[in-house]
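Just start20.txt here, compact mmCIF, C-alpha atoms:
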```txt
# COMPACT_ATOMS: atom_id res chain seq x y z
CA MET A 6 31.22 53.67 58.61
CA GLU A 7 33.13 52.29 55.73
CA HIS A 8 32.29 49.86 52.98
CA PRO A 9 34.48 48.13 50.38
CA CYS A 10 34.63 49.54 46.86
CA HIS A 11 32.73 47.34 44.48
CA GLN A 12 35.56 47.66 41.93
CA CYS A 13 38.92 47.65 43.83
CA ALA A 14 37.71 46.53 47.31
CA ALA A 15 39.43 49.48 49.01
CA ALA A 16 37.78 50.92 52.13
CA VAL A 17 35.51 53.85 51.30
CA GLU A 18 33.63 55.99 53.80
CA ASP A 19 29.88 55.98 53.53
CA GLY A 20 28.53 58.98 51.65
CA THR A 21 31.64 59.32 49.46
CA ALA A 22 30.65 59.70 45.83
CA PHE A 23 33.82 58.24 44.28
CA CYS A 24 36.53 55.84 45.43
CA LYS A 25 39.79 57.61 46.25
CA HIS A 26 41.84 54.74 44.85
CA CYS A 27 40.13 53.85 41.55
CA GLY A 28 37.57 56.64 41.11
CA ALA A 29 34.65 54.22 40.71
CA PRO A 30 31.27 55.76 41.57
CA GLN A 31 29.91 54.53 44.90
CA ILE A 32 26.35 55.83 44.85
CA ARG A 33 24.02 53.65 42.74
CA VAL A 34 20.33 54.12 42.43
CA MET A 35 18.34 50.85 42.20
CA SER A 36 15.20 51.29 40.20
CA GLU A 37 12.46 48.71 40.21
CA GLU A 38 10.82 47.86 36.96
CA PRO A 39 7.09 48.32 37.11
CA ALA A 40 5.15 45.12 36.98
CA THR A 41 3.67 44.41 33.58
CA GLN A 42 0.01 45.15 33.63
CA PRO A 43 -2.30 42.93 31.65
CA MET A 44 -3.48 44.56 28.47
CA PRO A 45 -7.21 45.18 28.18
CA PRO A 46 -9.15 42.82 25.95
CA GLY A 47 -9.36 43.91 22.34
CA THR A 48 -5.92 45.58 22.28
CA PRO A 49 -4.31 44.98 18.86
CA ASP A 50 -0.92 44.06 20.35
CA GLU A 51 -2.41 41.62 22.80
CA VAL A 52 -1.06 38.11 22.32
CA GLN A 53 -3.59 35.43 22.93
CA PRO A 54 -2.42 31.89 23.74
CA PRO A 55 -3.18 29.30 21.05
CA ALA A 56 -6.49 27.64 21.47
CA GLU A 57 -6.45 24.00 22.46
CA PRO A 58 -8.00 21.62 19.91
CA VAL A 59 -11.43 20.50 20.96
CA ALA A 60 -12.55 17.00 20.03
CA LEU A 61 -16.07 17.02 18.69
CA GLU A 62 -18.18 14.13 19.85
CA GLY A 63 -19.79 12.18 17.07
CA ALA A 64 -17.33 13.43 14.42
CA PRO A 65 -16.80 10.80 11.67
CA ALA A 66 -13.56 8.88 11.89
CA ALA A 67 -10.95 9.52 9.23
CA ALA A 68 -11.09 7.11 6.32
CA PRO A 69 -8.27 4.53 6.49
CA VAL A 70 -5.44 5.08 4.02
CA GLY A 71 -3.71 2.06 2.51
CA VAL A 72 -4.78 -1.57 2.53
CA ASP A 73 -5.90 -3.43 5.63
CA TRP A 74 -4.48 -6.82 4.70
CA SER A 75 -6.27 -8.56 7.55
CA GLN A 76 -9.45 -7.81 5.59
CA ALA A 77 -7.98 -7.86 2.08
CA VAL A 78 -6.49 -11.37 2.20
CA PRO A 79 -9.76 -13.15 3.18
CA ALA A 80 -11.65 -11.19 0.51
CA ALA A 81 -8.99 -12.05 -2.07
CA ALA A 82 -8.97 -15.72 -1.02
CA VAL A 83 -12.72 -16.16 -1.47
CA THR A 84 -12.67 -14.38 -4.83
CA GLY A 85 -9.57 -16.25 -5.98
CA PHE A 86 -11.19 -19.59 -5.19
CA PHE A 87 -14.13 -18.87 -7.47
CA VAL A 88 -11.84 -17.48 -10.19
CA ALA A 89 -9.84 -20.71 -10.13
CA LEU A 90 -13.04 -22.72 -10.55
CA ALA A 91 -13.62 -20.78 -13.78
CA TRP A 92 -11.05 -23.14 -15.38
CA VAL A 93 -14.05 -25.15 -16.62
CA ILE A 94 -14.92 -22.17 -18.87
CA PRO A 95 -13.32 -22.08 -22.34
CA PHE A 96 -9.83 -20.64 -22.44
CA ALA A 97 -10.70 -17.13 -23.71
CA GLY A 98 -13.49 -16.75 -21.17
CA PHE A 99 -11.13 -17.92 -18.44
CA LEU A 100 -8.72 -15.07 -19.16
CA LEU A 101 -11.58 -12.58 -18.94
CA TRP A 102 -12.48 -14.08 -15.58
CA LEU A 103 -9.03 -13.13 -14.30
CA ILE A 104 -9.79 -9.45 -14.92
CA ALA A 105 -13.22 -9.89 -13.37
CA GLY A 106 -11.57 -11.60 -10.39
CA GLY A 107 -9.44 -8.52 -9.68
CA ILE A 108 -12.53 -6.31 -9.81
CA LEU A 109 -14.46 -8.66 -7.51
CA GLY A 110 -11.53 -8.85 -5.08
CA VAL A 111 -11.49 -5.07 -4.70
CA ALA A 112 -15.29 -4.98 -4.38
CA ALA A 113 -15.19 -7.66 -1.65
CA TYR A 114 -12.54 -5.70 0.23
CA ARG A 115 -14.55 -2.48 -0.09
CA ARG A 116 -17.54 -4.30 1.36
CA ARG A 117 -15.48 -5.32 4.39
CA VAL A 118 -13.94 -1.84 4.80
CA PRO A 119 -16.60 0.59 3.50
CA ARG A 120 -14.66 3.78 4.32
CA ALA A 121 -11.40 2.62 2.73
CA ILE A 122 -9.81 5.02 0.25
CA LEU A 123 -8.65 2.95 -2.71
CA THR A 124 -6.44 4.26 -5.48
CA PRO A 125 -5.84 2.27 -8.69
CA GLY A 126 -2.40 1.39 -7.32
CA LEU A 127 -3.83 -0.08 -4.11
CA GLY A 128 -6.52 -1.83 -6.13
CA ALA A 129 -3.83 -3.40 -8.32
CA ARG A 130 -2.11 -4.75 -5.20
CA ILE A 131 -5.33 -6.33 -3.97
CA GLY A 132 -5.93 -7.72 -7.46
CA ALA A 133 -2.41 -9.18 -7.54
CA VAL A 134 -3.01 -10.99 -4.22
CA THR A 135 -6.33 -12.24 -5.59
CA GLY A 136 -4.57 -13.55 -8.70
CA LEU A 137 -1.80 -15.20 -6.67
CA LEU A 138 -4.27 -17.03 -4.44
CA ALA A 139 -6.38 -17.96 -7.47
CA PHE A 140 -3.30 -19.41 -9.15
CA GLY A 141 -2.59 -21.53 -6.09
CA VAL A 142 -6.09 -23.02 -6.19
CA PHE A 143 -5.82 -23.40 -9.98
CA ALA A 144 -2.53 -25.31 -9.65
CA ILE A 145 -4.08 -27.69 -7.12
CA ILE A 146 -7.12 -28.30 -9.34
CA LEU A 147 -4.87 -28.87 -12.36
CA ALA A 148 -2.67 -31.31 -10.45
CA LEU A 149 -5.70 -33.27 -9.27
CA GLU A 150 -7.03 -33.33 -12.83
CA VAL A 151 -3.73 -34.68 -14.16
CA LEU A 152 -3.63 -37.36 -11.46
CA ALA A 153 -7.24 -38.36 -12.08
CA SER A 154 -6.70 -38.60 -15.84
CA ARG A 155 -3.31 -40.36 -15.46
CA GLY A 156 -1.36 -37.65 -17.22
CA SER A 157 -3.87 -36.83 -19.93
CA GLY A 158 -5.37 -33.63 -18.56
CA ARG A 159 -6.57 -30.61 -20.50
CA VAL A 160 -3.20 -28.87 -20.45
CA ARG A 161 -1.40 -31.94 -21.78
CA GLN A 162 -3.99 -32.36 -24.51
CA LEU A 163 -3.67 -28.71 -25.52
CA LEU A 164 0.11 -29.01 -25.63
CA GLN A 165 -0.07 -32.14 -27.75
CA GLN A 166 -2.39 -30.42 -30.20
CA VAL A 167 -0.05 -27.42 -30.45
CA ILE A 168 2.99 -29.65 -31.03
CA GLU A 169 1.19 -31.79 -33.65
CA GLN A 170 0.01 -28.69 -35.52
CA ALA A 171 3.54 -27.29 -35.44
CA ALA A 172 4.90 -30.59 -36.79
CA VAL A 173 2.44 -30.50 -39.70
CA ARG A 174 3.40 -26.93 -40.65
CA ASN A 175 7.18 -27.44 -40.41
CA ALA A 176 8.76 -30.17 -42.51
CA ASP A 177 12.32 -29.41 -41.44
CA PRO A 178 13.91 -32.64 -40.10
CA ARG A 179 15.62 -30.80 -37.25
CA ALA A 180 12.35 -29.13 -36.22
CA GLN A 181 10.62 -32.52 -36.40
CA GLN A 182 13.29 -33.96 -34.11
CA VAL A 183 12.80 -31.17 -31.57
CA LEU A 184 9.04 -31.65 -31.65
CA GLN A 185 9.47 -35.37 -31.11
CA GLN A 186 11.63 -34.62 -28.07
CA LEU A 187 8.87 -32.40 -26.70
CA MET A 188 6.41 -35.27 -26.99
CA THR A 189 8.47 -37.38 -24.58
CA PRO A 190 7.54 -37.35 -20.84
CA ALA A 191 10.57 -35.16 -20.02
CA GLY A 192 9.77 -32.72 -22.83
CA MET A 193 6.12 -32.61 -21.84
CA ALA A 194 7.07 -31.92 -18.21
CA LEU A 195 9.23 -29.02 -19.39
CA MET A 196 6.38 -27.66 -21.50
CA ILE A 197 3.92 -27.93 -18.62
CA THR A 198 6.35 -26.05 -16.37
CA LEU A 199 6.65 -23.25 -18.92
CA VAL A 200 2.88 -23.15 -19.33
CA MET A 201 2.43 -22.87 -15.54
CA VAL A 202 4.89 -19.97 -15.47
CA PHE A 203 2.87 -18.32 -18.22
CA PHE A 204 -0.34 -18.90 -16.25
CA LEU A 205 1.20 -17.38 -13.11
CA ALA A 206 2.20 -14.25 -15.03
CA ALA A 207 -1.28 -14.08 -16.59
CA PHE A 208 -2.99 -14.47 -13.21
CA LEU A 209 -0.93 -11.68 -11.66
CA ALA A 210 -1.04 -9.28 -14.62
CA LEU A 211 -4.73 -9.60 -15.48
CA SER A 212 -5.91 -9.68 -11.86
CA SER A 213 -3.82 -6.59 -11.09
CA LEU A 214 -5.38 -4.87 -14.09
CA GLY A 215 -8.83 -5.85 -12.85
CA GLY A 216 -8.01 -4.61 -9.34
CA ALA A 217 -6.89 -1.22 -10.64
CA LEU A 218 -10.02 -1.00 -12.79
CA GLY A 219 -12.23 -1.97 -9.86
CA ALA A 220 -10.67 0.67 -7.57
CA TRP A 221 -11.15 3.30 -10.27
CA LEU A 222 -14.80 2.33 -10.79
CA LEU A 223 -15.54 2.28 -7.05
CA GLY A 224 -13.80 5.62 -6.56
CA LYS A 225 -15.75 7.13 -9.45
CA SER A 226 -19.06 5.84 -8.08
CA SER A 227 -18.31 7.24 -4.61
CA HIS A 228 -17.53 10.67 -6.10
CA ASP A 229 -20.73 10.65 -8.15
CA ARG A 230 -22.84 9.62 -5.17
CA PRO A 231 -24.70 12.63 -3.70
CA SER A 232 -23.53 13.60 -0.23
```
Would you mind writing the file's structure down as structure tokens?
Amino acid sequence: MEHPCHQCAAAVEDGTAFCKHCGAPQIRVMSEEPATQPMPPGTPDEVQPPAEPVALEGAPAAAPVGVDWSQAVPAAAVTGFFVALAWVIPFAGFLLWLIAGGILGVAAYRRRVPRAILTPGLGARIGAVTGLLAFGVFAIILALEVLASRGSGRVRQLLQQVIEQAAVRNADPRAQQVLQQLMTPAGMALMITLVMVFFLAAFLALSSLGGALGAWLLGKSSHDRPS
């Protein structure tokens, strides 16, 4: 019997150790690798598969990170409405109410989302939204007041007092002319616009400050609370 050489394909008789043409060995011993036996438990080199995570029933849910605006906006709207109504308070007290409004906005949000983690930065954002909504209500109330008083509302009266006091202090003819221009309807409209811009900045800045302060106070109280 003959078989082909595995290297040159020449015919080689069975039992021949080497091919006569190329000298390649013809007798190969096939050894089977022993099957890997499982290592006994406790062997140091034993590799255990990673354990699957097990969900514990009744484990507390992770506290939400960030601001849930679906809850924050209603809380800010309610607080902002009452802050805007504080316009009836004297001017200095009204500015303090803006800071208090930011604190109350954060507290109202925390009441809706008890497990929320609030940083001063997130509190400032909630306070800013509270201030923005409060300014919107404030602008509506102020416009209604101006319409009801036929243009002689509190803001106009305050502006007239400021302009008259400035006219008394400054006797320069050119300054007097400018002040007279500001007393005209067009000048007064410009002044009211500038005052409203100032109020918008005050609403946002002071309410944001109050929101940051409220988040800090609530975070401090939660840390001090015994677990």
Q. With all atoms listed in the file as the basis for distance, which of A:Leu103, A:Leu218, A:Ile122, A:Leu138 is at the shortest distance from Val83 in chain A?
A.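 Residue with the minimum atom-to-atom distance to Val83 in chain A: A:Leu138.
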Q: Compute the distance from (-6.5, -10.8, -7.3) to each atom, counting only C-alpha atoms, keep the residues with any atom at most 9 Å away, and return them as an NGL selection string; use the coordinates of the file.
A: :A and (81-82 or 84-85 or 103-104 or 106-111 or 129-139 or 208-209 or 211-213 or 215-216)
Serialized selection, C-alpha atoms, as a CSV table (one decimal), in the frame of the given file:
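Saved result, out_33.csv, follows:
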```
chain,number,residue,atom,x,y,z
A,81,ALA,CA,-9.0,-12.0,-2.1
A,82,ALA,CA,-9.0,-15.7,-1.0
A,84,THR,CA,-12.7,-14.4,-4.8
A,85,GLY,CA,-9.6,-16.2,-6.0
A,103,LEU,CA,-9.0,-13.1,-14.3
A,104,ILE,CA,-9.8,-9.4,-14.9
A,106,GLY,CA,-11.6,-11.6,-10.4
A,107,GLY,CA,-9.4,-8.5,-9.7
A,108,ILE,CA,-12.5,-6.3,-9.8
A,109,LEU,CA,-14.5,-8.7,-7.5
A,110,GLY,CA,-11.5,-8.8,-5.1
A,111,VAL,CA,-11.5,-5.1,-4.7
A,129,ALA,CA,-3.8,-3.4,-8.3
A,130,ARG,CA,-2.1,-4.8,-5.2
A,131,ILE,CA,-5.3,-6.3,-4.0
A,132,GLY,CA,-5.9,-7.7,-7.5
A,133,ALA,CA,-2.4,-9.2,-7.5
A,134,VAL,CA,-3.0,-11.0,-4.2
A,135,THR,CA,-6.3,-12.2,-5.6
A,136,GLY,CA,-4.6,-13.6,-8.7
A,137,LEU,CA,-1.8,-15.2,-6.7
A,138,LEU,CA,-4.3,-17.0,-4.4
A,139,ALA,CA,-6.4,-18.0,-7.5
A,208,PHE,CA,-3.0,-14.5,-13.2
A,209,LEU,CA,-0.9,-11.7,-11.7
A,211,LEU,CA,-4.7,-9.6,-15.5
A,212,SER,CA,-5.9,-9.7,-11.9
A,213,SER,CA,-3.8,-6.6,-11.1
A,215,GLY,CA,-8.8,-5.8,-12.8
A,216,GLY,CA,-8.0,-4.6,-9.3
```
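Between CA of Pro79 in chain A and CA of Ile145 in chain A the interatomic distance comes to 18.7 Å.
The residue that comes closest to Pro119 in chain A, out of A:Leu223, A:Ala176, A:Ala171, A:Cys10 and on the basis of all atoms listed in the file, is A:Leu223.
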Using all atoms listed in the file and a cutoff of 10 Å, can you tell me which residues are near (-11.7, -21.5, -8.8) in the file's coordinates, and write them out as a tab-separated table (two decimals) with C-alpha atoms, in the coordinates of the input?
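Output below, filename part.tsv:
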```tsv
chain	number	residue	atom	x	y	z
A	83	VAL	CA	-12.72	-16.16	-1.47
A	84	THR	CA	-12.67	-14.38	-4.83
A	85	GLY	CA	-9.57	-16.25	-5.98
A	86	PHE	CA	-11.19	-19.59	-5.19
A	87	PHE	CA	-14.13	-18.87	-7.47
A	88	VAL	CA	-11.84	-17.48	-10.19
A	89	ALA	CA	-9.84	-20.71	-10.13
A	90	LEU	CA	-13.04	-22.72	-10.55
A	91	ALA	CA	-13.62	-20.78	-13.78
A	92	TRP	CA	-11.05	-23.14	-15.38
A	93	VAL	CA	-14.05	-25.15	-16.62
A	138	LEU	CA	-4.27	-17.03	-4.44
A	139	ALA	CA	-6.38	-17.96	-7.47
A	140	PHE	CA	-3.30	-19.41	-9.15
A	141	GLY	CA	-2.59	-21.53	-6.09
A	142	VAL	CA	-6.09	-23.02	-6.19
A	143	PHE	CA	-5.82	-23.40	-9.98
A	144	ALA	CA	-2.53	-25.31	-9.65
A	145	ILE	CA	-4.08	-27.69	-7.12
A	146	ILE	CA	-7.12	-28.30	-9.34
```
Q: Choose the residue, out of A:Phe203, A:Val183, A:Pro125, A:Ile197, that has the smallest atom-to-atom separation from Val151 in chain A; count only C-alpha atoms.
A: A:Ile197
Q: For CA of Arg179 in chain A and CA of Gly192 in chain A, quote the distance in Å rounded to one decimal.
A: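 Atom-to-atom, CA of Arg179 in chain A and CA of Gly192 in chain A are spaced 15.7 Å apart.
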Q: For CA of Cys27 in chain A and CA of His8 in chain A, determine how far apart the two atoms are, in Å to one decimal place.
A: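 Calculated distance between CA of Cys27 in chain A and CA of His8 in chain A is 14.4 Å.
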